[in-house]
$ cat coords-v1.tsv   # TSV, C-alpha atoms
chain	number	residue	atom	x	y	z
A	1	MET	CA	139.25	34.18	133.13
A	2	GLU	CA	142.93	33.27	133.59
A	3	ASN	CA	142.61	30.48	131.02
A	4	SER	CA	141.18	32.85	128.41
A	5	TYR	CA	144.19	35.18	128.11
A	6	GLU	CA	145.99	34.82	124.80
A	7	GLN	CA	148.84	37.23	125.58
A	8	GLY	CA	150.29	39.18	128.50
A	9	PHE	CA	152.09	42.50	128.93
A	10	ALA	CA	154.10	43.46	132.00
A	11	PHE	CA	155.38	46.90	132.93
A	12	ILE	CA	158.32	47.13	135.31
A	13	LEU	CA	158.62	50.77	136.33
A	14	GLU	CA	160.86	52.86	138.53
A	15	ALA	CA	158.23	54.51	140.73
A	16	ALA	CA	154.62	55.54	141.30
A	17	THR	CA	154.75	58.60	139.02
A	18	GLU	CA	155.61	56.39	136.05
A	19	LEU	CA	152.80	54.06	137.09
A	20	ALA	CA	150.36	56.98	137.04
A	21	PHE	CA	151.57	58.08	133.60
A	22	TYR	CA	151.27	54.66	131.97
A	23	ASP	CA	147.87	54.09	133.56
A	24	ILE	CA	146.53	57.21	131.84
A	25	LEU	CA	148.41	56.46	128.62
A	26	LEU	CA	146.84	52.99	128.40
A	27	ASN	CA	143.38	54.51	128.68
A	28	PHE	CA	144.30	57.05	125.99
A	29	LEU	CA	145.42	54.26	123.64
A	30	ALA	CA	142.27	52.26	124.37
A	31	GLU	CA	140.17	55.24	123.26
A	32	ARG	CA	142.08	55.27	119.95
A	33	HIS	CA	141.05	51.65	119.44
A	34	PRO	CA	137.26	51.61	119.78
A	35	GLU	CA	137.27	47.94	118.81
A	36	CYS	CA	138.98	47.26	122.14
A	37	LYS	CA	137.83	47.52	125.73
A	38	LEU	CA	140.25	48.23	128.60
A	39	GLU	CA	139.14	47.29	132.09
A	40	LYS	CA	140.97	47.69	135.39
A	41	ARG	CA	140.42	44.84	137.83
A	42	THR	CA	141.63	43.61	141.19
A	43	SER	CA	142.53	40.10	142.26
A	44	ASP	CA	142.27	38.50	145.70
A	45	GLU	CA	145.15	36.23	144.75
A	46	ILE	CA	147.64	38.93	143.74
A	47	TYR	CA	146.45	41.88	145.88
A	48	GLU	CA	147.29	44.38	143.16
A	49	PRO	CA	145.27	45.91	140.32
A	50	PHE	CA	145.72	44.70	136.78
A	51	TYR	CA	144.19	45.41	133.38
A	52	VAL	CA	142.32	43.30	130.86
A	53	VAL	CA	142.08	44.23	127.17
A	54	GLN	CA	139.33	42.66	125.09
A	55	GLY	CA	139.35	42.97	121.31
A	56	PRO	CA	139.11	41.07	118.02
A	57	PHE	CA	142.26	39.18	119.03
A	58	GLY	CA	140.69	37.84	122.22
A	59	THR	CA	141.56	38.81	125.78
A	60	ARG	CA	144.93	40.10	127.01
A	61	VAL	CA	146.23	40.86	130.49
A	62	ILE	CA	148.43	43.77	131.61
A	63	ARG	CA	150.28	43.80	134.91
A	64	MET	CA	152.39	46.58	136.43
A	65	ASN	CA	155.06	46.68	139.09
A	66	ALA	CA	156.54	49.95	140.40
A	67	VAL	CA	159.74	49.02	142.21
A	68	GLY	CA	160.66	52.34	143.85
A	69	THR	CA	164.12	52.96	142.39
A	70	ILE	CA	165.98	51.97	139.24
A	71	THR	CA	168.37	49.80	141.25
A	72	GLN	CA	165.43	47.59	142.17
A	73	ILE	CA	164.28	46.95	138.59
A	74	LYS	CA	166.84	44.20	138.12
A	75	ASN	CA	165.51	42.61	141.33
A	76	SER	CA	161.97	42.27	140.00
A	77	VAL	CA	162.46	38.78	138.58
A	78	HIS	CA	160.59	37.20	141.51
A	79	TRP	CA	157.52	39.40	140.90
A	80	PHE	CA	157.45	38.63	137.18
A	81	GLN	CA	157.99	34.90	137.56
A	82	ASN	CA	155.30	34.50	140.23
A	83	THR	CA	152.73	37.00	138.98
A	84	CYS	CA	153.09	36.46	135.25
A	85	ILE	CA	155.00	33.35	134.10
A	86	HIS	CA	153.74	30.98	136.80
A	87	ALA	CA	150.29	32.50	137.26
A	88	LYS	CA	147.38	30.07	137.32
A	89	GLY	CA	146.15	29.16	133.86
A	90	LYS	CA	147.65	28.32	130.52
A	91	LYS	CA	151.12	29.50	129.57
A	92	ILE	CA	150.98	32.55	127.32
A	93	PRO	CA	153.56	34.76	125.57
A	94	TRP	CA	154.62	37.84	127.52
A	95	THR	CA	156.03	41.20	126.49
A	96	VAL	CA	157.93	42.98	129.27
A	97	PHE	CA	158.31	46.77	129.12
A	98	LEU	CA	161.28	47.99	131.17
A	99	CYS	CA	160.65	51.66	131.95
A	100	TYR	CA	163.67	53.50	133.33
A	101	ASP	CA	165.87	56.58	133.11
A	102	THR	CA	169.36	55.81	131.82
A	103	ASP	CA	170.70	58.94	133.51
A	104	SER	CA	170.25	57.26	136.85
A	105	TYR	CA	173.56	55.52	136.24
A	106	ASN	CA	175.11	58.34	134.18
A	107	ALA	CA	175.60	55.87	131.35
A	108	ASP	CA	174.01	55.12	128.01
A	109	ILE	CA	171.59	52.30	127.45
A	110	THR	CA	174.34	49.71	126.83
A	111	LYS	CA	175.03	49.70	130.57
A	112	PHE	CA	171.63	48.11	131.06
A	113	TYR	CA	172.62	45.04	129.07
A	114	GLU	CA	175.73	44.23	131.08
A	115	ASP	CA	176.64	42.58	134.38
A	116	ASP	CA	173.70	42.25	136.81
A	117	TRP	CA	171.30	43.66	134.21
A	118	LYS	CA	172.41	40.99	131.76
A	119	ASN	CA	171.65	38.33	134.35
A	120	PHE	CA	168.30	39.98	135.06
A	121	ARG	CA	167.28	39.78	131.40
A	122	LYS	CA	168.26	36.12	131.35
A	123	GLU	CA	166.45	35.25	134.56
A	124	ILE	CA	163.25	37.10	133.73
A	125	SER	CA	162.54	34.76	130.83
A	126	LYS	CA	163.62	31.63	132.68
A	127	GLY	CA	161.00	28.91	132.39
A	128	SER	CA	159.47	30.35	129.24
A	129	ARG	CA	160.61	30.78	125.65
A	130	LYS	CA	157.81	33.25	125.01
A	131	VAL	CA	159.14	36.37	126.74
A	132	LYS	CA	160.03	39.49	124.76
A	133	ILE	CA	161.71	42.44	126.50
A	134	ILE	CA	161.28	46.02	125.24
A	135	ASP	CA	163.17	48.92	126.82
A	136	LEU	CA	161.10	52.09	127.20
A	137	ALA	CA	164.23	53.92	128.26
A	138	ALA	CA	165.68	57.35	127.69
A	139	SER	CA	168.15	59.80	129.11
A	140	ALA	CA	165.24	61.55	130.79
A	141	GLU	CA	162.99	61.46	133.82
A	142	ILE	CA	159.24	61.11	133.49
A	143	GLU	CA	158.94	64.85	134.18
A	144	ASP	CA	161.05	65.50	131.06
A	145	VAL	CA	158.26	63.76	129.17
A	146	PHE	CA	155.69	66.05	130.81
A	147	LEU	CA	157.73	69.11	129.78
A	148	LEU	CA	157.21	68.20	126.13
A	149	ASP	CA	153.75	69.76	126.42
A	150	LEU	CA	154.01	73.24	127.90
A	151	HIS	CA	150.45	74.00	126.83
A	152	GLY	CA	149.17	71.13	128.96
A	153	ILE	CA	151.26	72.26	131.93
A	154	SER	CA	149.94	75.82	131.46
A	155	GLN	CA	146.39	74.48	131.60
A	156	PHE	CA	147.21	72.47	134.73
A	157	LEU	CA	148.53	75.64	136.38
A	158	GLY	CA	145.57	77.69	135.21
A	159	LEU	CA	147.78	80.28	133.52
A	160	GLU	CA	146.29	83.03	131.37
A	161	GLU	CA	149.07	82.64	128.81
A	162	ASP	CA	150.97	79.52	127.76
A	163	LEU	CA	154.46	78.90	129.04
A	164	LYS	CA	157.26	79.29	126.51
A	165	PRO	CA	160.40	77.15	126.13
A	166	GLU	CA	162.48	79.98	127.59
A	167	ASP	CA	160.38	79.79	130.77
A	168	VAL	CA	161.71	76.30	131.49
A	169	PRO	CA	164.79	76.41	133.76
A	170	ASN	CA	168.03	74.90	132.54
A	171	GLY	CA	169.20	71.72	134.16
A	172	HIS	CA	169.67	68.02	133.77
A	173	LYS	CA	166.75	66.51	135.69
A	174	GLY	CA	163.18	66.99	134.57
A	175	SER	CA	161.77	66.75	138.09
A	176	ALA	CA	163.92	69.65	139.29
A	177	ARG	CA	163.17	71.73	136.19
A	178	LEU	CA	159.42	71.20	136.54
A	179	LYS	CA	159.54	72.02	140.25
A	180	GLN	CA	161.49	75.23	139.61
A	181	LEU	CA	159.19	76.17	136.74
A	182	ILE	CA	156.08	75.90	138.88
A	183	LEU	CA	157.75	77.61	141.84
A	184	LYS	CA	158.59	80.58	139.62
A	185	GLN	CA	154.97	80.85	138.46
A	186	ARG	CA	153.84	80.76	142.09
A	187	GLN	CA	156.32	83.48	143.04
A	188	LEU	CA	154.91	85.61	140.21
A	189	ASN	CA	151.41	85.04	141.65
A	190	ARG	CA	150.28	83.44	138.41
A	191	THR	CA	149.17	80.20	140.06
A	192	MET	CA	148.69	78.53	143.43
A	193	VAL	CA	148.86	75.00	142.00
A	194	VAL	CA	151.42	72.51	143.31
A	195	TYR	CA	152.77	69.47	141.48
A	196	HIS	CA	153.01	66.19	143.39
A	197	LYS	CA	154.76	63.00	142.39
A	198	GLY	CA	153.14	59.59	142.60
A	199	GLU	CA	149.43	58.94	142.14
A	200	ARG	CA	148.66	62.64	142.54
A	201	ALA	CA	150.71	63.37	139.40
A	202	LYS	CA	147.58	62.33	137.49
A	203	ASN	CA	146.24	65.80	138.22
A	204	LEU	CA	148.86	67.13	135.78
A	205	ILE	CA	149.05	64.16	133.41
A	206	LYS	CA	145.37	64.40	132.48
A	207	PHE	CA	146.06	67.84	130.93
A	208	LEU	CA	148.90	66.59	128.70
A	209	ASP	CA	148.63	66.10	124.94
A	210	LEU	CA	149.47	62.39	124.93
A	211	GLN	CA	149.40	62.22	121.15
A	212	LYS	CA	152.14	64.87	121.00
A	213	ILE	CA	154.15	62.93	123.56
A	214	MET	CA	153.65	59.69	121.64
A	215	GLU	CA	154.97	61.34	118.48
A	216	SER	CA	158.12	62.67	120.16
A	217	ASP	CA	161.35	60.69	120.00
A	218	LEU	CA	162.10	60.97	123.71
A	219	LEU	CA	160.62	57.54	124.47
A	220	PRO	CA	159.69	54.72	122.04
A	221	LEU	CA	156.08	54.71	123.20
A	222	TYR	CA	154.84	53.46	119.83
A	223	HIS	CA	155.60	49.94	121.11
A	224	LEU	CA	152.52	50.20	123.34
A	225	GLU	CA	150.22	50.17	120.32
A	226	LYS	CA	150.95	46.42	120.11
A	227	ILE	CA	148.77	45.89	123.17
A	228	PHE	CA	145.69	46.92	121.23
A	229	GLU	CA	146.53	45.47	117.81
A	230	ALA	CA	145.81	42.02	116.42
$ encode --input "coords-v1.tsv" --output "structure tokens"
Amino acid sequence: MENSYEQGFAFILEAATELAFYDILLNFLAERHPECKLEKRTSDEIYEPFYVVQGPFGTRVIRMNAVGTITQIKNSVHWFQNTCIHAKGKKIPWTVFLCYDTDSYNADITKFYEDDWKNFRKEISKGSRKVKIIDLAASAEIEDVFLLDLHGISQFLGLEEDLKPEDVPNGHKGSARLKQLILKQRQLNRTMVVYHKGERAKNLIKFLDLQKIMESDLLPLYHLEKIFEA
């Protein structure tokens, strides 16, 4: 199967919650493209799950790497080179999605093109002229993305009435705002539900209106459509 891939896509993410979000988002996009089939597989060689997309264009591979913290993203060259560029089979073009929160460094996105990040971008495409890097970056945490859909969060919590924008606490970090929002609803005895980060975040994500999130300008998620287009 390795020799049949005509293109590859790699996600380098901050942590497991982002991994959970993009896993569900990929399945959502696959449903919008009935001419395509998305399949999650495992490999004895890599010891990590990956995805295969089959469509009119042929077969494509998607790999994901959650590094734990934003400071480790620039250290993921080894993973990409070994798992993607130098994987067994023919050499194929790769698109790399860098998924991170620019607020982690209290700087705008230009910071992530300088110094060690500049070297990272150079090294990640070393050995191949067919690597394109796309930043899925914003001054926001992944929970800020979730907060775009208060109706979905209300359904997750099992509330009788939808949350309103004024119910969302003020603050800078989406994770803290979401935590405080849910805690308040629990204190009011409106719900007993708890939000968890990581893989268990899928319990919330599956209630979200992903089309609404795609259409927002918080993250340039429209780039992901390329995975399913000829």
$ atom_distance --input "coords-v1.tsv" --atom1 "CA of Ser4 in chain A" --atom2 "CA of Ile73 in chain A"
28.9 Å
$ residues_around --input "coords-v1.tsv" --residues "Asp162 in chain A" --least-positions-apart "3" --cutoff "12 Å" --atoms "all atoms listed in the file" --output "ChimeraX atom specification"
/A:149-159,165-168,185,190
$ axis_aligned_box --input "coords-v1.tsv" --around "range 173-189 of chain A" --padding-each-side "6 Å" --output "AutoDock Vina command-line options"
--center_x 159.1 --center_y 76.1 --center_z 138.8 --size_x 27.3 --size_y 31.1 --size_z 20.5
$ residues_around --input "coords-v1.tsv" --residues "Phe21 in chain A" --least-positions-apart "5" --cutoff "10 Å" --atoms "all atoms listed in the file" --output "ChimeraX atom specification"
/A:16,26,142,145-146,198-199,201-202,204-206,210
$ atom_distance --input "coords-v1.tsv" --atom1 "CA of Trp79 in chain A" --atom2 "CA of Phe120 in chain A"
12.3 Å
$ atom_distance --input "coords-v1.tsv" --atom1 "CA of Leu19 in chain A" --atom2 "CA of Asp217 in chain A"
20.2 Å
$ residues_around --input "coords-v1.tsv" --residues "range 8-13 of chain A" --least-positions-apart "5" --cutoff "9 Å" --atoms "only C-alpha atoms" --output "list in words"
Glu18, Leu19, Tyr22, Arg60, Val61, Ile62, Arg63, Met64, Asn65, Ala66, Val67, Gly68, Thr69, Ile70, Ile73, Ser76, Phe80, Cys84, Ile92, Pro93, Trp94, Thr95, Val96, Phe97, Leu98, Cys99, Tyr100 and Ile227 of chain A
$ residues_around --input "coords-v1.tsv" --residues "range 40-45 of chain A" --least-positions-apart "5" --cutoff "10 Å" --atoms "all atoms listed in the file" --output "list in words"
Asp23, Asn27, Phe50, Tyr51, Val52, Val53, Val61, Ile62, Thr83, Ala87 and Lys88 of chain A
$ closest_residue --input "coords-v1.tsv" --among "A:Leu221, A:Cys36, A:Leu25, A:Val193" --to "Ala137 in chain A" --atoms "only C-alpha atoms"
A:Leu221
$ closest_residue --input "coords-v1.tsv" --among "A:Leu38, A:Val77, A:Met192, A:Pro56" --to "Ile24 in chain A" --atoms "all atoms listed in the file"
A:Leu38
$ build_atoms --input "coords-v1.tsv" --residues "range 36-69 of chain A" --atoms "N, CA and C atoms" --output "PDB file, in the frame of the given file"
ATOM      1  N   CYS A  36     138.454  47.880 120.927  1.00  0.00           N
ATOM      2  CA  CYS A  36     138.980  47.260 122.140  1.00  0.00           C
ATOM      3  C   CYS A  36     138.337  47.847 123.391  1.00  0.00           C
ATOM      4  N   LYS A  37     138.343  47.068 124.440  1.00  0.00           N
ATOM      5  CA  LYS A  37     137.830  47.520 125.730  1.00  0.00           C
ATOM      6  C   LYS A  37     138.895  47.270 126.786  1.00  0.00           C
ATOM      7  N   LEU A  38     139.267  48.324 127.526  1.00  0.00           N
ATOM      8  CA  LEU A  38     140.250  48.230 128.600  1.00  0.00           C
ATOM      9  C   LEU A  38     139.532  48.302 129.931  1.00  0.00           C
ATOM     10  N   GLU A  39     139.802  47.339 130.790  1.00  0.00           N
ATOM     11  CA  GLU A  39     139.140  47.290 132.090  1.00  0.00           C
ATOM     12  C   GLU A  39     140.173  47.056 133.188  1.00  0.00           C
ATOM     13  N   LYS A  40     140.078  47.848 134.239  1.00  0.00           N
ATOM     14  CA  LYS A  40     140.970  47.690 135.390  1.00  0.00           C
ATOM     15  C   LYS A  40     140.286  46.816 136.429  1.00  0.00           C
ATOM     16  N   ARG A  41     140.997  45.799 136.884  1.00  0.00           N
ATOM     17  CA  ARG A  41     140.420  44.840 137.830  1.00  0.00           C
ATOM     18  C   ARG A  41     141.337  44.650 139.028  1.00  0.00           C
ATOM     19  N   THR A  42     140.824  43.999 140.036  1.00  0.00           N
ATOM     20  CA  THR A  42     141.630  43.610 141.190  1.00  0.00           C
ATOM     21  C   THR A  42     141.506  42.113 141.391  1.00  0.00           C
ATOM     22  N   SER A  43     142.499  41.543 142.046  1.00  0.00           N
ATOM     23  CA  SER A  43     142.530  40.100 142.260  1.00  0.00           C
ATOM     24  C   SER A  43     142.821  39.801 143.728  1.00  0.00           C
ATOM     25  N   ASP A  44     142.034  38.916 144.317  1.00  0.00           N
ATOM     26  CA  ASP A  44     142.270  38.500 145.700  1.00  0.00           C
ATOM     27  C   ASP A  44     143.544  37.675 145.824  1.00  0.00           C
ATOM     28  N   GLU A  45     143.966  37.072 144.718  1.00  0.00           N
ATOM     29  CA  GLU A  45     145.150  36.230 144.750  1.00  0.00           C
ATOM     30  C   GLU A  45     146.443  37.048 144.708  1.00  0.00           C
ATOM     31  N   ILE A  46     146.418  38.163 143.966  1.00  0.00           N
ATOM     32  CA  ILE A  46     147.640  38.930 143.740  1.00  0.00           C
ATOM     33  C   ILE A  46     147.703  40.185 144.613  1.00  0.00           C
ATOM     34  N   TYR A  47     146.540  40.678 145.050  1.00  0.00           N
ATOM     35  CA  TYR A  47     146.450  41.880 145.880  1.00  0.00           C
ATOM     36  C   TYR A  47     147.047  43.099 145.190  1.00  0.00           C
ATOM     37  N   GLU A  48     146.871  43.194 143.890  1.00  0.00           N
ATOM     38  CA  GLU A  48     147.290  44.380 143.160  1.00  0.00           C
ATOM     39  C   GLU A  48     146.402  44.500 141.927  1.00  0.00           C
ATOM     40  N   PRO A  49     146.127  45.734 141.498  1.00  0.00           N
ATOM     41  CA  PRO A  49     145.270  45.910 140.320  1.00  0.00           C
ATOM     42  C   PRO A  49     145.975  45.455 139.051  1.00  0.00           C
ATOM     43  N   PHE A  50     145.184  45.046 138.078  1.00  0.00           N
ATOM     44  CA  PHE A  50     145.720  44.700 136.780  1.00  0.00           C
ATOM     45  C   PHE A  50     144.694  45.103 135.728  1.00  0.00           C
ATOM     46  N   TYR A  51     145.050  44.955 134.470  1.00  0.00           N
ATOM     47  CA  TYR A  51     144.190  45.410 133.380  1.00  0.00           C
ATOM     48  C   TYR A  51     143.894  44.247 132.444  1.00  0.00           C
ATOM     49  N   VAL A  52     142.711  44.292 131.851  1.00  0.00           N
ATOM     50  CA  VAL A  52     142.320  43.300 130.860  1.00  0.00           C
ATOM     51  C   VAL A  52     141.899  44.069 129.601  1.00  0.00           C
ATOM     52  N   VAL A  53     142.433  43.642 128.459  1.00  0.00           N
ATOM     53  CA  VAL A  53     142.080  44.230 127.170  1.00  0.00           C
ATOM     54  C   VAL A  53     141.316  43.188 126.365  1.00  0.00           C
ATOM     55  N   GLN A  54     140.142  43.543 125.937  1.00  0.00           N
ATOM     56  CA  GLN A  54     139.330  42.660 125.090  1.00  0.00           C
ATOM     57  C   GLN A  54     139.201  43.280 123.713  1.00  0.00           C
ATOM     58  N   GLY A  55     139.427  42.479 122.676  1.00  0.00           N
ATOM     59  CA  GLY A  55     139.350  42.970 121.310  1.00  0.00           C
ATOM     60  C   GLY A  55     139.158  41.838 120.328  1.00  0.00           C
ATOM     61  N   PRO A  56     139.279  42.104 119.038  1.00  0.00           N
ATOM     62  CA  PRO A  56     139.110  41.070 118.020  1.00  0.00           C
ATOM     63  C   PRO A  56     140.093  39.920 118.180  1.00  0.00           C
ATOM     64  N   PHE A  57     141.220  40.197 118.826  1.00  0.00           N
ATOM     65  CA  PHE A  57     142.260  39.180 119.030  1.00  0.00           C
ATOM     66  C   PHE A  57     141.962  38.259 120.198  1.00  0.00           C
ATOM     67  N   GLY A  58     140.977  38.612 121.030  1.00  0.00           N
ATOM     68  CA  GLY A  58     140.690  37.840 122.220  1.00  0.00           C
ATOM     69  C   GLY A  58     140.848  38.700 123.465  1.00  0.00           C
ATOM     70  N   THR A  59     141.404  38.100 124.506  1.00  0.00           N
ATOM     71  CA  THR A  59     141.560  38.810 125.780  1.00  0.00           C
ATOM     72  C   THR A  59     143.036  38.799 126.205  1.00  0.00           C
ATOM     73  N   ARG A  60     143.536  39.964 126.579  1.00  0.00           N
ATOM     74  CA  ARG A  60     144.930  40.100 127.010  1.00  0.00           C
ATOM     75  C   ARG A  60     144.980  40.674 128.424  1.00  0.00           C
ATOM     76  N   VAL A  61     146.066  40.390 129.114  1.00  0.00           N
ATOM     77  CA  VAL A  61     146.230  40.860 130.490  1.00  0.00           C
ATOM     78  C   VAL A  61     147.450  41.777 130.569  1.00  0.00           C
ATOM     79  N   ILE A  62     147.328  42.825 131.385  1.00  0.00           N
ATOM     80  CA  ILE A  62     148.430  43.770 131.610  1.00  0.00           C
ATOM     81  C   ILE A  62     148.676  43.862 133.110  1.00  0.00           C
ATOM     82  N   ARG A  63     149.917  43.681 133.499  1.00  0.00           N
ATOM     83  CA  ARG A  63     150.280  43.800 134.910  1.00  0.00           C
ATOM     84  C   ARG A  63     151.397  44.835 135.053  1.00  0.00           C
ATOM     85  N   MET A  64     151.399  45.533 136.201  1.00  0.00           N
ATOM     86  CA  MET A  64     152.390  46.580 136.430  1.00  0.00           C
ATOM     87  C   MET A  64     153.036  46.429 137.794  1.00  0.00           C
ATOM     88  N   ASN A  65     154.328  46.752 137.833  1.00  0.00           N
ATOM     89  CA  ASN A  65     155.060  46.680 139.090  1.00  0.00           C
ATOM     90  C   ASN A  65     155.986  47.888 139.197  1.00  0.00           C
ATOM     91  N   ALA A  66     155.677  48.799 140.127  1.00  0.00           N
ATOM     92  CA  ALA A  66     156.540  49.950 140.400  1.00  0.00           C
ATOM     93  C   ALA A  66     157.472  49.585 141.536  1.00  0.00           C
ATOM     94  N   VAL A  67     158.768  49.590 141.258  1.00  0.00           N
ATOM     95  CA  VAL A  67     159.740  49.020 142.210  1.00  0.00           C
ATOM     96  C   VAL A  67     160.329  50.030 143.178  1.00  0.00           C
ATOM     97  N   GLY A  68     160.163  51.330 142.917  1.00  0.00           N
ATOM     98  CA  GLY A  68     160.660  52.340 143.850  1.00  0.00           C
ATOM     99  C   GLY A  68     161.887  53.079 143.364  1.00  0.00           C
ATOM    100  N   THR A  69     162.911  52.342 142.928  1.00  0.00           N
ATOM    101  CA  THR A  69     164.120  52.960 142.390  1.00  0.00           C
ATOM    102  C   THR A  69     164.651  52.103 141.250  1.00  0.00           C
TER     103      THR A  69
END
